[in-house]
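The structure file start-v2.cif is reproduced below (mmCIF, C-alpha atoms).
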```
data_my_file
#
loop_
_atom_site.label_atom_id
_atom_site.label_comp_id
_atom_site.auth_asym_id
_atom_site.auth_seq_id
_atom_site.Cartn_x
_atom_site.Cartn_y
_atom_site.Cartn_z
CA MET P 1 13.77 -5.23 95.83
CA THR P 2 10.91 -6.40 98.06
CA LYS P 3 7.35 -6.81 96.79
CA ALA P 4 6.25 -3.79 98.85
CA GLU P 5 9.03 -1.63 97.41
CA LEU P 6 8.19 -2.75 93.87
CA THR P 7 4.52 -1.93 94.39
CA ALA P 8 5.40 1.50 95.81
CA LYS P 9 7.55 2.30 92.77
CA TRP P 10 4.84 1.12 90.34
CA ASN P 11 2.37 3.42 92.10
CA GLN P 12 4.83 6.28 91.59
CA VAL P 13 4.89 5.45 87.88
CA LEU P 14 1.08 5.59 87.82
CA ASP P 15 1.10 8.98 89.58
CA LEU P 16 3.51 10.37 86.99
CA LEU P 17 1.48 8.99 84.09
CA ALA P 18 -1.71 10.50 85.54
CA GLN P 19 -0.08 13.89 85.04
CA THR P 20 0.70 13.34 81.37
CA MET P 21 -2.22 11.25 80.08
CA GLU P 22 -5.95 11.05 80.66
CA ARG P 23 -6.81 9.78 84.15
CA LEU P 24 -9.42 7.50 82.54
CA LYS P 25 -6.66 5.65 80.66
CA VAL P 26 -4.55 5.18 83.78
CA ASP P 27 -7.53 3.90 85.77
CA ASN P 28 -8.79 1.58 83.03
CA TYR P 29 -5.58 0.17 81.56
CA LEU P 30 -2.91 0.39 84.27
CA LYS P 31 -4.45 0.37 87.75
CA PRO P 32 -5.74 -3.22 87.42
CA LEU P 33 -2.12 -4.37 86.99
CA ALA P 34 0.06 -5.46 89.92
CA PRO P 35 3.87 -5.73 89.75
CA VAL P 36 5.11 -9.23 90.54
CA LYS P 37 8.73 -9.39 89.39
CA LEU P 38 11.58 -7.13 88.32
CA ASN P 39 14.07 -8.97 86.14
CA GLU P 40 17.29 -6.95 86.37
CA LYS P 41 19.14 -9.15 83.89
CA ASP P 42 16.62 -8.79 81.06
CA GLN P 43 15.37 -5.42 82.33
CA VAL P 44 11.72 -6.49 82.33
CA LEU P 45 9.00 -5.53 84.79
CA SER P 46 6.34 -8.25 84.94
CA LEU P 47 2.81 -7.19 85.78
CA HIS P 48 -0.06 -9.50 86.65
CA THR P 49 -3.77 -8.99 86.07
CA ALA P 50 -6.47 -10.99 87.77
CA VAL P 51 -9.15 -9.51 85.50
CA GLY P 52 -9.53 -9.60 81.74
CA ASN P 53 -7.13 -10.88 79.12
CA SER P 54 -3.49 -9.83 79.46
CA SER P 55 -3.39 -8.80 75.76
CA PHE P 56 -5.99 -6.09 76.46
CA TYR P 57 -3.54 -4.35 78.80
CA GLN P 58 -0.38 -5.28 76.88
CA ASN P 59 -1.72 -3.65 73.71
CA PHE P 60 -2.27 -0.39 75.56
CA ILE P 61 1.24 -0.51 77.04
CA ASN P 62 2.70 -1.17 73.61
CA ARG P 63 0.79 1.80 72.14
CA ASN P 64 2.06 4.08 74.88
CA LYS P 65 5.48 2.56 75.49
CA ASP P 66 7.42 5.81 75.05
CA GLU P 67 5.40 7.67 77.66
CA ILE P 68 5.45 4.71 80.07
CA SER P 69 9.18 4.23 79.50
CA ARG P 70 9.90 7.86 80.45
CA ALA P 71 7.99 7.45 83.70
CA MET P 72 9.77 4.16 84.43
CA ILE P 73 13.19 5.80 83.96
CA LEU P 74 12.26 8.64 86.35
CA VAL P 75 11.14 6.20 89.06
CA PHE P 76 13.43 3.17 88.59
CA GLY P 77 16.50 5.06 87.38
CA LYS P 78 16.78 3.11 84.13
CA GLU P 79 14.65 1.76 81.31
CA TYR P 80 12.60 -1.41 81.72
CA SER P 81 10.22 -3.03 79.27
CA VAL P 82 6.82 -4.02 80.65
CA SER P 83 5.21 -7.44 80.26
CA VAL P 84 1.66 -8.37 81.34
CA THR P 85 0.49 -11.86 82.19
CA ASN P 86 -2.72 -13.45 83.45
CA ARG P 87 -0.77 -16.17 85.19
CA ASP P 88 0.26 -15.60 88.77
CA PRO P 89 3.94 -16.51 89.35
CA GLY P 90 4.24 -20.05 90.63
CA ASP P 91 0.88 -21.07 89.18
CA ASP P 92 1.50 -23.80 86.63
CA GLY P 93 -2.16 -24.70 86.16
CA GLU P 94 -4.31 -23.92 83.16
CA GLN P 95 -5.96 -20.53 83.24
CA GLU P 96 -9.69 -20.47 82.50
CA PRO P 97 -10.91 -17.61 80.32
CA ASP P 98 -12.01 -14.70 82.49
CA PRO P 99 -15.74 -14.01 81.99
CA LEU P 100 -15.34 -10.40 83.14
CA ASN P 101 -14.98 -7.88 80.33
CA PRO P 102 -11.95 -5.65 81.13
CA ASN P 103 -13.82 -2.63 79.78
CA TYR P 104 -16.69 -3.07 82.22
CA THR P 105 -15.39 -1.09 85.19
CA PHE P 106 -16.80 1.76 87.25
CA ASP P 107 -14.25 4.09 85.64
CA THR P 108 -15.69 3.47 82.17
CA PHE P 109 -19.35 3.58 83.22
CA VAL P 110 -20.96 6.97 82.64
CA PRO P 111 -23.79 7.53 85.15
CA GLY P 112 -26.58 9.78 83.90
CA ASN P 113 -30.09 10.64 84.98
CA ASN P 114 -31.09 7.26 83.58
CA SER P 115 -28.79 5.24 85.86
CA ARG P 116 -27.77 7.24 88.95
CA LEU P 117 -29.53 5.00 91.46
CA ALA P 118 -28.24 1.81 89.83
CA TYR P 119 -24.69 3.21 89.73
CA ALA P 120 -24.82 4.35 93.35
CA ALA P 121 -26.22 0.99 94.44
CA ALA P 122 -23.58 -0.98 92.53
CA THR P 123 -20.69 1.08 93.91
CA ALA P 124 -22.12 0.76 97.43
CA VAL P 125 -22.33 -3.02 97.10
CA ALA P 126 -18.78 -3.22 95.73
CA LYS P 127 -17.23 -1.04 98.43
CA ARG P 128 -19.09 -2.08 101.55
CA ASP P 129 -18.36 -4.88 103.97
CA ASN P 130 -21.41 -6.89 104.91
CA ASN P 131 -21.53 -6.41 108.65
CA SER P 132 -25.30 -6.46 109.00
CA LYS P 133 -26.74 -8.30 111.96
CA GLY P 134 -29.75 -10.57 111.69
CA GLY P 135 -31.31 -11.82 108.49
CA TYR P 136 -32.18 -8.50 106.79
CA ASP P 137 -29.74 -6.63 104.58
CA LYS P 138 -31.07 -3.81 102.41
CA PHE P 139 -28.23 -4.27 99.91
CA ASN P 140 -28.66 -8.01 99.46
CA PRO P 141 -29.58 -9.01 96.89
CA LEU P 142 -28.97 -6.12 94.53
CA PHE P 143 -31.44 -6.43 91.64
CA LEU P 144 -30.66 -4.34 88.54
CA TYR P 145 -33.24 -4.24 85.76
CA GLY P 146 -33.83 -2.48 82.47
CA ALA P 147 -34.10 -3.08 78.74
CA SER P 148 -31.34 -4.83 76.83
CA GLY P 149 -28.19 -2.86 76.10
CA LEU P 150 -28.50 -0.16 78.79
CA GLY P 151 -25.53 -1.16 80.98
CA LYS P 152 -26.78 -3.71 83.52
CA THR P 153 -24.04 -6.22 82.76
CA HIS P 154 -21.46 -3.40 82.75
CA LEU P 155 -22.41 -2.36 86.28
CA MET P 156 -22.60 -5.95 87.51
CA GLN P 157 -19.14 -6.78 86.18
CA ALA P 158 -17.78 -3.49 87.52
CA ILE P 159 -18.64 -4.81 90.98
CA GLY P 160 -16.59 -7.91 90.21
CA HIS P 161 -13.60 -5.89 88.99
CA TYR P 162 -13.67 -3.61 92.03
CA VAL P 163 -13.84 -6.48 94.51
CA ARG P 164 -11.03 -8.39 92.81
CA GLN P 165 -8.76 -5.35 92.84
CA ASN P 166 -9.57 -4.04 96.32
CA LYS P 167 -10.54 -7.20 98.21
CA PRO P 168 -8.31 -9.89 96.70
CA LYS P 169 -9.24 -12.44 99.37
CA LYS P 170 -12.89 -12.30 98.36
CA LYS P 171 -14.06 -14.81 95.77
CA VAL P 172 -16.13 -13.41 92.90
CA LEU P 173 -18.13 -15.55 90.48
CA TYR P 174 -19.95 -14.11 87.46
CA VAL P 175 -22.36 -16.33 85.54
CA SER P 176 -25.10 -15.90 82.98
CA SER P 177 -28.36 -17.77 83.47
CA GLU P 178 -27.61 -19.82 80.33
CA THR P 179 -24.22 -20.93 81.65
CA PHE P 180 -25.72 -21.75 85.05
CA THR P 181 -28.37 -23.95 83.42
CA ASN P 182 -25.90 -25.68 81.11
CA GLU P 183 -23.50 -26.42 83.96
CA LEU P 184 -26.36 -27.81 86.04
CA ILE P 185 -27.44 -30.12 83.19
CA LEU P 186 -23.87 -31.35 82.76
CA ALA P 187 -23.51 -31.91 86.52
CA ILE P 188 -26.68 -33.98 86.57
CA GLN P 189 -25.53 -36.04 83.58
CA LYS P 190 -22.13 -36.75 85.13
CA LYS P 191 -23.51 -37.15 88.66
CA LYS P 192 -21.45 -34.23 89.93
CA THR P 193 -24.21 -32.12 91.44
CA GLN P 194 -22.31 -31.71 94.71
CA GLU P 195 -19.36 -30.19 92.87
CA PHE P 196 -21.80 -27.85 91.15
CA LYS P 197 -23.31 -26.82 94.50
CA ASP P 198 -19.87 -26.27 96.03
CA LYS P 199 -18.80 -24.07 93.13
CA TYR P 200 -21.69 -21.64 93.48
CA ARG P 201 -22.07 -21.68 97.25
CA ASN P 202 -18.44 -21.15 98.22
CA VAL P 203 -18.18 -17.59 96.92
CA ASP P 204 -18.36 -14.15 98.48
CA TYR P 205 -20.01 -12.44 95.51
CA LEU P 206 -22.32 -14.21 93.07
CA LEU P 207 -23.11 -12.10 90.00
CA PHE P 208 -26.05 -13.68 88.17
CA ASP P 209 -26.84 -12.15 84.77
CA ASP P 210 -30.22 -12.23 82.94
CA VAL P 211 -32.12 -14.10 85.63
CA GLN P 212 -35.37 -13.85 83.61
CA PHE P 213 -34.17 -16.70 81.39
CA ILE P 214 -34.45 -19.31 84.14
CA ALA P 215 -38.25 -19.16 83.79
CA GLY P 216 -39.79 -22.51 82.87
CA LYS P 217 -36.70 -24.49 83.95
CA PRO P 218 -37.76 -26.11 87.25
CA SER P 219 -34.39 -27.65 88.14
CA THR P 220 -32.58 -24.38 87.47
CA GLU P 221 -35.15 -22.43 89.50
CA GLU P 222 -34.83 -24.85 92.40
CA GLU P 223 -31.04 -24.81 92.36
CA LEU P 224 -30.90 -21.01 92.21
CA PHE P 225 -33.36 -20.81 95.09
CA SER P 226 -31.22 -23.12 97.23
CA THR P 227 -28.00 -21.36 96.19
CA PHE P 228 -29.41 -17.96 97.06
CA ASP P 229 -30.59 -19.11 100.48
CA ALA P 230 -27.21 -20.65 101.24
CA LEU P 231 -25.33 -17.50 100.26
CA TYR P 232 -27.77 -15.11 101.91
CA ASN P 233 -27.68 -16.99 105.21
CA ALA P 234 -23.89 -16.95 105.06
CA LYS P 235 -24.01 -13.15 104.50
CA LYS P 236 -22.57 -13.40 101.01
CA GLN P 237 -23.54 -10.82 98.38
CA VAL P 238 -25.75 -11.74 95.43
CA VAL P 239 -26.39 -9.47 92.43
CA PHE P 240 -29.02 -10.16 89.77
CA THR P 241 -29.81 -8.49 86.47
CA SER P 242 -33.06 -8.78 84.56
CA ASP P 243 -34.96 -7.08 81.76
CA ARG P 244 -37.93 -6.60 84.13
CA PRO P 245 -38.50 -5.82 87.82
CA PRO P 246 -39.19 -8.82 90.11
CA ARG P 247 -42.95 -8.20 90.24
CA GLU P 248 -43.18 -8.68 86.45
CA LEU P 249 -41.38 -12.05 86.42
CA GLY P 250 -44.62 -13.96 86.84
CA GLU P 251 -43.31 -17.11 85.11
CA ILE P 252 -40.79 -17.63 87.94
CA PRO P 253 -41.99 -19.19 91.26
CA GLU P 254 -43.28 -16.66 93.78
CA ARG P 255 -40.90 -17.76 96.54
CA LEU P 256 -37.93 -16.93 94.30
CA ILE P 257 -39.44 -13.63 93.17
CA SER P 258 -39.93 -12.64 96.80
CA ARG P 259 -36.23 -13.19 97.45
CA PHE P 260 -35.30 -10.96 94.51
CA SER P 261 -37.19 -8.21 96.35
CA TRP P 262 -35.54 -8.65 99.74
CA GLY P 263 -32.76 -6.17 99.05
CA LEU P 264 -32.28 -3.18 96.79
CA ILE P 265 -34.00 -2.88 93.39
CA ALA P 266 -32.69 -0.30 90.90
CA ASP P 267 -33.59 0.30 87.28
CA ILE P 268 -31.63 1.64 84.32
CA GLN P 269 -33.56 3.66 81.77
CA THR P 270 -32.86 5.02 78.30
CA PRO P 271 -29.91 7.47 78.37
CA ASP P 272 -30.44 11.14 77.55
CA TYR P 273 -28.38 13.03 74.97
CA GLU P 274 -25.80 14.30 77.47
CA THR P 275 -25.16 10.81 78.80
CA ARG P 276 -24.80 9.39 75.29
CA MET P 277 -22.27 12.08 74.38
CA ALA P 278 -20.32 11.50 77.59
CA ILE P 279 -20.16 7.77 76.83
CA LEU P 280 -18.86 8.43 73.32
CA LYS P 281 -16.28 10.94 74.56
CA ASN P 282 -15.01 8.45 77.12
CA LYS P 283 -14.59 5.83 74.42
CA ALA P 284 -12.84 8.38 72.20
CA ILE P 285 -10.39 9.16 75.02
CA LEU P 286 -9.61 5.47 75.45
CA GLU P 287 -8.92 5.27 71.70
CA ASP P 288 -6.45 8.19 71.86
CA LEU P 289 -8.72 10.53 69.90
CA ASP P 290 -8.71 14.29 70.46
CA ILE P 291 -12.13 15.09 71.92
CA ASN P 292 -11.43 18.82 71.57
CA ASP P 293 -11.39 18.49 67.78
CA PRO P 294 -14.59 20.23 66.52
CA GLU P 295 -14.94 17.78 63.62
CA LEU P 296 -14.75 14.80 65.96
CA THR P 297 -17.26 16.45 68.30
CA ALA P 298 -19.67 16.92 65.41
CA ALA P 299 -19.17 13.29 64.41
CA LEU P 300 -19.87 12.05 67.94
CA ASP P 301 -22.94 14.27 68.05
CA MET P 302 -24.30 12.58 64.94
CA ILE P 303 -23.78 9.13 66.48
CA ALA P 304 -25.48 10.26 69.70
CA GLN P 305 -28.41 11.67 67.75
CA SER P 306 -28.77 8.57 65.57
CA ILE P 307 -28.75 5.94 68.35
CA GLN P 308 -30.90 7.07 71.27
CA SER P 309 -32.30 4.03 73.05
CA ASN P 310 -29.50 1.49 73.43
CA ILE P 311 -26.00 2.00 74.85
CA ARG P 312 -24.74 -1.25 73.36
CA GLU P 313 -25.79 -0.11 69.88
CA LEU P 314 -24.27 3.31 70.58
CA GLU P 315 -20.90 1.75 71.40
CA SER P 316 -21.20 -0.62 68.46
CA ALA P 317 -21.79 2.30 66.11
CA PHE P 318 -18.71 4.06 67.49
CA THR P 319 -16.63 0.91 67.01
CA ARG P 320 -17.90 0.59 63.42
CA VAL P 321 -16.89 4.18 62.67
CA LEU P 322 -13.50 3.68 64.33
CA THR P 323 -12.83 0.49 62.37
CA PHE P 324 -13.79 2.00 59.01
CA SER P 325 -11.64 5.05 59.77
CA ALA P 326 -8.61 2.84 60.45
CA LEU P 327 -9.20 0.68 57.38
CA THR P 328 -9.72 3.60 54.99
CA GLU P 329 -7.30 5.98 56.74
CA GLN P 330 -9.96 8.70 56.71
CA PRO P 331 -10.57 11.18 59.55
CA ILE P 332 -13.72 10.82 61.62
CA THR P 333 -16.05 13.62 60.55
CA LYS P 334 -19.80 14.13 60.45
CA ASP P 335 -19.96 13.24 56.75
CA PHE P 336 -17.82 10.16 57.34
CA VAL P 337 -20.16 8.99 60.12
CA ARG P 338 -23.20 9.53 57.89
CA THR P 339 -21.62 7.38 55.17
CA VAL P 340 -20.45 4.59 57.49
CA LEU P 341 -23.66 4.32 59.50
CA SER P 342 -26.23 4.99 56.78
CA GLU P 343 -26.71 1.28 56.05
CA VAL P 344 -27.22 0.40 59.71
CA TYR P 345 -28.75 3.42 61.45
CA ASP P 346 -30.94 6.36 60.49
CA THR P 347 -28.57 9.32 60.19
CA ARG P 348 -30.97 11.54 58.30
CA THR P 349 -31.79 14.95 59.67
CA THR P 350 -35.31 14.99 61.11
CA GLU P 351 -37.66 17.66 59.79
CA ILE P 352 -38.51 19.95 62.69
CA THR P 353 -42.28 20.26 62.95
CA PRO P 354 -44.53 21.37 65.85
CA ASP P 355 -45.34 17.72 66.59
CA VAL P 356 -41.65 16.82 66.71
CA ILE P 357 -41.01 19.75 69.06
CA LYS P 358 -43.91 18.84 71.36
CA ASN P 359 -42.78 15.22 71.55
CA CYS P 360 -39.21 16.24 72.24
CA VAL P 361 -40.14 18.74 74.99
CA ALA P 362 -42.54 16.29 76.60
CA SER P 363 -39.87 13.57 76.61
CA TYR P 364 -37.24 15.96 77.99
CA PHE P 365 -39.41 16.95 80.97
CA GLY P 366 -40.92 13.52 81.51
CA ILE P 367 -44.52 14.52 80.80
CA LYS P 368 -47.09 13.64 78.14
CA VAL P 369 -47.80 15.57 74.93
CA SER P 370 -51.43 15.70 76.05
CA ASP P 371 -50.25 17.62 79.14
CA LEU P 372 -48.73 20.29 76.90
CA GLU P 373 -51.97 20.57 74.99
CA GLY P 374 -54.19 20.43 78.10
CA GLY P 375 -55.37 23.08 80.53
CA THR P 376 -53.41 22.34 83.71
CA HIS P 377 -51.59 25.31 85.24
CA ALA P 378 -49.21 23.23 87.39
CA ARG P 379 -45.70 24.65 86.98
CA ASN P 380 -44.16 21.30 86.08
CA VAL P 381 -46.39 21.34 82.98
CA ALA P 382 -47.05 25.05 82.35
CA TYR P 383 -43.38 26.03 82.04
CA PRO P 384 -42.48 23.19 79.62
CA ARG P 385 -45.57 24.21 77.62
CA GLN P 386 -44.22 27.78 77.38
CA ILE P 387 -40.85 26.43 76.27
CA ALA P 388 -42.52 24.31 73.60
CA ILE P 389 -44.49 27.33 72.35
CA TYR P 390 -41.30 29.39 72.24
CA LEU P 391 -39.47 26.72 70.24
CA VAL P 392 -42.33 26.24 67.76
CA ARG P 393 -42.32 29.99 67.11
CA GLU P 394 -38.52 30.09 66.77
CA LEU P 395 -38.01 26.95 64.70
CA THR P 396 -41.06 26.88 62.41
CA ASP P 397 -43.04 29.38 60.35
CA TYR P 398 -46.20 28.94 62.46
CA SER P 399 -47.96 32.18 63.47
CA PHE P 400 -49.11 32.84 67.05
CA PRO P 401 -52.78 32.09 66.24
CA LYS P 402 -51.78 28.85 64.50
CA ILE P 403 -49.60 27.88 67.48
CA GLY P 404 -52.56 28.51 69.75
CA GLU P 405 -54.65 26.05 67.72
CA ILE P 406 -52.13 23.20 68.07
CA PHE P 407 -51.73 23.82 71.81
CA GLY P 408 -55.30 23.04 72.76
CA GLY P 409 -57.05 26.01 71.15
CA ARG P 410 -55.30 28.75 73.16
CA ASP P 411 -55.88 32.33 72.09
CA HIS P 412 -53.30 34.61 70.51
CA SER P 413 -52.59 36.62 73.65
CA THR P 414 -51.84 33.53 75.76
CA VAL P 415 -49.39 32.19 73.20
CA LEU P 416 -47.72 35.59 72.86
CA TYR P 417 -47.37 35.84 76.65
CA SER P 418 -45.72 32.40 76.75
CA TYR P 419 -43.27 33.34 74.04
CA LYS P 420 -42.36 36.66 75.69
CA LYS P 421 -42.02 34.95 79.07
CA ILE P 422 -39.38 32.52 77.80
CA GLU P 423 -37.68 35.24 75.77
CA LYS P 424 -37.36 37.34 78.93
CA ASP P 425 -36.24 34.44 81.14
CA LEU P 426 -33.50 33.51 78.69
CA LYS P 427 -31.80 36.85 79.44
CA LYS P 428 -31.69 36.35 83.20
CA VAL P 429 -31.76 32.58 83.84
CA PRO P 430 -28.58 30.87 82.55
CA GLU P 431 -29.98 27.42 83.30
CA LEU P 432 -32.86 28.01 80.89
CA SER P 433 -30.45 28.73 78.04
CA GLU P 434 -28.84 25.38 78.69
CA VAL P 435 -32.23 23.64 78.66
CA ILE P 436 -33.19 25.26 75.36
CA GLU P 437 -29.87 24.30 73.79
CA ASN P 438 -30.19 20.72 75.01
CA ILE P 439 -33.64 20.40 73.49
CA LYS P 440 -32.41 21.90 70.22
CA LYS P 441 -29.64 19.30 70.14
CA LEU P 442 -32.21 16.57 70.61
CA LEU P 443 -34.26 18.04 67.77
#
```
Encoded form using structure tokens:
Amino acid sequence: MTKAELTAKWNQVLDLLAQTMERLKVDNYLKPLAPVKLNEKDQVLSLHTAVGNSSFYQNFINRNKDEISRAMILVFGKEYSVSVTNRDPGDDGEQEPDPLNPNYTFDTFVPGNNSRLAYAAATAVAKRDNNSKGGYDKFNPLFLYGASGLGKTHLMQAIGHYVRQNKPKKKVLYVSSETFTNELILAIQKKKTQEFKDKYRNVDYLLFDDVQFIAGKPSTEEELFSTFDALYNAKKQVVFTSDRPPRELGEIPERLISRFSWGLIADIQTPDYETRMAILKNKAILEDLDINDPELTAALDMIAQSIQSNIRELESAFTRVLTFSALTEQPITKDFVRTVLSEVYDTRTTEITPDVIKNCVASYFGIKVSDLEGGTHARNVAYPRQIAIYLVRELTDYSFPKIGEIFGGRDHSTVLYSYKKIEKDLKKVPELSEVIENIKKLL
């Protein structure tokens, strides 16, 4: 069987599996694998991965061997076991550990309102061919910034995974600023600076993580400056991540900061409730959990409510719950989550007060609490104010006059009008019902 025929049959297996298991699993665990050899004697199909550790994929195949075996029989006509390796056939050299996390792909990234631009920019950089003429390229470099734990590294490495899988002739190099500095120091000590330069300048995609940490390291700053210029002039793609936008990296030389700003700058912000729940449901799918189970949904809701500002902590909390569930053989429920996470995160139910409601509504609509209490009649403030008044009346024991006092001294009739307005709109505007429910979930 030729390599092309083997690849065609493996793709048929993937198509069959996509009909019987979650598409997310097929895309994350099986699509990165390429068939390299069919051993008829031992009845083994060998698959190769250029990204991640082979055990990551082999464990999934072992967990789902019955389902995969059925698909293999339908396509190949008989049963074959499946083996995954990082080593390309014929390559007898030592394999360096892959710095790309196999979970950090576009398939597993959940774009929300907090990250749509960054996600779109990253996918555009991964998929495009750099055919720009002249020195300017709006996509180069791509500079992703945001607080720690929001998904910058995930998106950056997703670019690497995509390029490796879809443009195998392109060379991708991911490096953290710490590793870059340490390698430079070692190269200087061993008088191998030219080898260092060759390593970082003979790539098609340089993914440079946490660039803010090069500040105050003159040799590192100089080498990165020279490396960037060499790659940029050769029309090679560079991607940076940072915890701050370029203009706030004042400790780094201006000429380097200016280069960070030559291309596309995109930020990642704190995820909203819907995004956090989508992230948790994706992880639950990948762990073979039933996301339609009401008890599991309630448990995921508690995790999403407890960890609001950091995706890394959100995923860590889920992993903690999953691990404790496996160790104790207990189902994942809301009460179980409260017990497991109580020592690490605040899982207490927040008392709903007018101040809590005002803060929540203001955050939801991206305005200030003082706007809700002020006198502006602009619709982008007035309507959220009416929603806040409605929720205070519905969720607390405050009277209309008392509500008027806490909303800037408004009179009883104004507050009553606001309440009635939202009450009426809820009957004819389906989108408003969804907004109200979302805010209640946040509360």
Report as a list of chain:residue names all protein, DNA and RNA residues lying within 9 Å of region 253-261 of chain P, evaluated on all atoms listed in the file, omitting residues in the same chain fewer than 5 positions from it.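 Final neighbour list, sorted by chain and number: P:Asn140, P:Pro141, P:Leu142, P:Phe143, P:Ala215, P:Glu221, P:Glu222, P:Leu224, P:Phe225, P:Phe228, P:Asp229, P:Phe240, P:Pro245, P:Pro246, P:Arg247.
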Correct to one decimal, the distance CA of Pro32 (chain P)-CA of Thr49 (chain P) is 6.2 Å
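Computed from the coordinates, the CA of Ile332 (chain P) to CA of Ser309 (chain P) distance equals 22.8 Å.
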Picked residues, the PyMOL selection byres ((chain P and resi 242) around 9), expected as a PyMOL selection string: chain P and resi 143-148+152+209-213+240-241+243-246
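Minimum atom-to-atom distance to Ser115 (chain P), evaluated using all atoms listed in the file, belongs to P:Asp272 out of P:Glu22, P:Asp198, P:Asp272, P:Asp15.
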Taking the file as I've supplied it (selection: the PyMOL selection byres ((chain P and resi 311) around 6)), which residues are included? Please answer as a list of chain:residue names. P:Gly149, P:Leu150, P:Asn310, P:Arg312, P:Glu313, P:Leu314
Interatomic distance (Å, one decimal) between CA of Ser219 (chain P) and CA of Ala158 (chain P):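 According to the coordinates, CA of Ser219 (chain P) and CA of Ala158 (chain P) are separated by 29.3 Å.
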Nearest residue to Thr275 (chain P) out of P:Gln308, P:Gln237, P:Asn166, P:Thr153, using only C-alpha atoms?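 Between P:Gln308, P:Gln237, P:Asn166, P:Thr153, the residue approaching Thr275 (chain P) most closely is P:Gln308.
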On this file, the PyMOL selection byres ((chain P and resi 102) around 9) gives some set of residues; write that set as a short mmCIF file (atom, residue, chain, number, x, y, z; two decimals) with C-alpha atoms, in the coordinates of the input.
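File selection-v1.cif, as written:
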```cif
data_model
loop_
_atom_site.label_atom_id
_atom_site.label_comp_id
_atom_site.auth_asym_id
_atom_site.auth_seq_id
_atom_site.Cartn_x
_atom_site.Cartn_y
_atom_site.Cartn_z
CA ASN P 28 -8.79 1.58 83.03
CA TYR P 29 -5.58 0.17 81.56
CA VAL P 51 -9.15 -9.51 85.50
CA GLY P 52 -9.53 -9.60 81.74
CA ASN P 53 -7.13 -10.88 79.12
CA PHE P 56 -5.99 -6.09 76.46
CA TYR P 57 -3.54 -4.35 78.80
CA LEU P 100 -15.34 -10.40 83.14
CA ASN P 101 -14.98 -7.88 80.33
CA ASN P 103 -13.82 -2.63 79.78
CA TYR P 104 -16.69 -3.07 82.22
CA THR P 105 -15.39 -1.09 85.19
CA GLN P 157 -19.14 -6.78 86.18
CA ALA P 158 -17.78 -3.49 87.52
CA HIS P 161 -13.60 -5.89 88.99
#
```
Mind listing as a list of chain:residue names all residues within 12 Å of (-39.4, 23.7, 61.2), counting only C-alpha atoms? P:Thr349, P:Thr350, P:Glu351, P:Ile352, P:Thr353, P:Pro354, P:Asp355, P:Val356, P:Ile357, P:Leu391, P:Val392, P:Arg393, P:Glu394, P:Leu395, P:Thr396, P:Asp397, P:Tyr398, P:Lys440, P:Leu443
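Checking P:Ile68, P:Leu184, P:Ala122, P:Val381 one by one against Tyr162 (chain P), counting all atoms listed in the file, you find the shortest gap at P:Ala122.
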Contacts of region 406-423 of chain P within 12 Å, only C-alpha atoms, excl. fewer than 3 positions in-chain, as a PyMOL selection string: chain P and resi 353-355+357-358+369-376+382-394+398-403+426-430+432-433+435-436
Which residues are close to Lys281 (chain P), i.e. within 10 Å by only C-alpha atoms, leaving aside same-chain residues fewer than 5 positions away? Reply as a list in words.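 The residues satisfying every condition are Thr275, Arg276, Leu286, Glu287, Leu289, Asp290, Ile291, Asn292, Leu296, Thr297, Leu300 and Asp301 of chain P.
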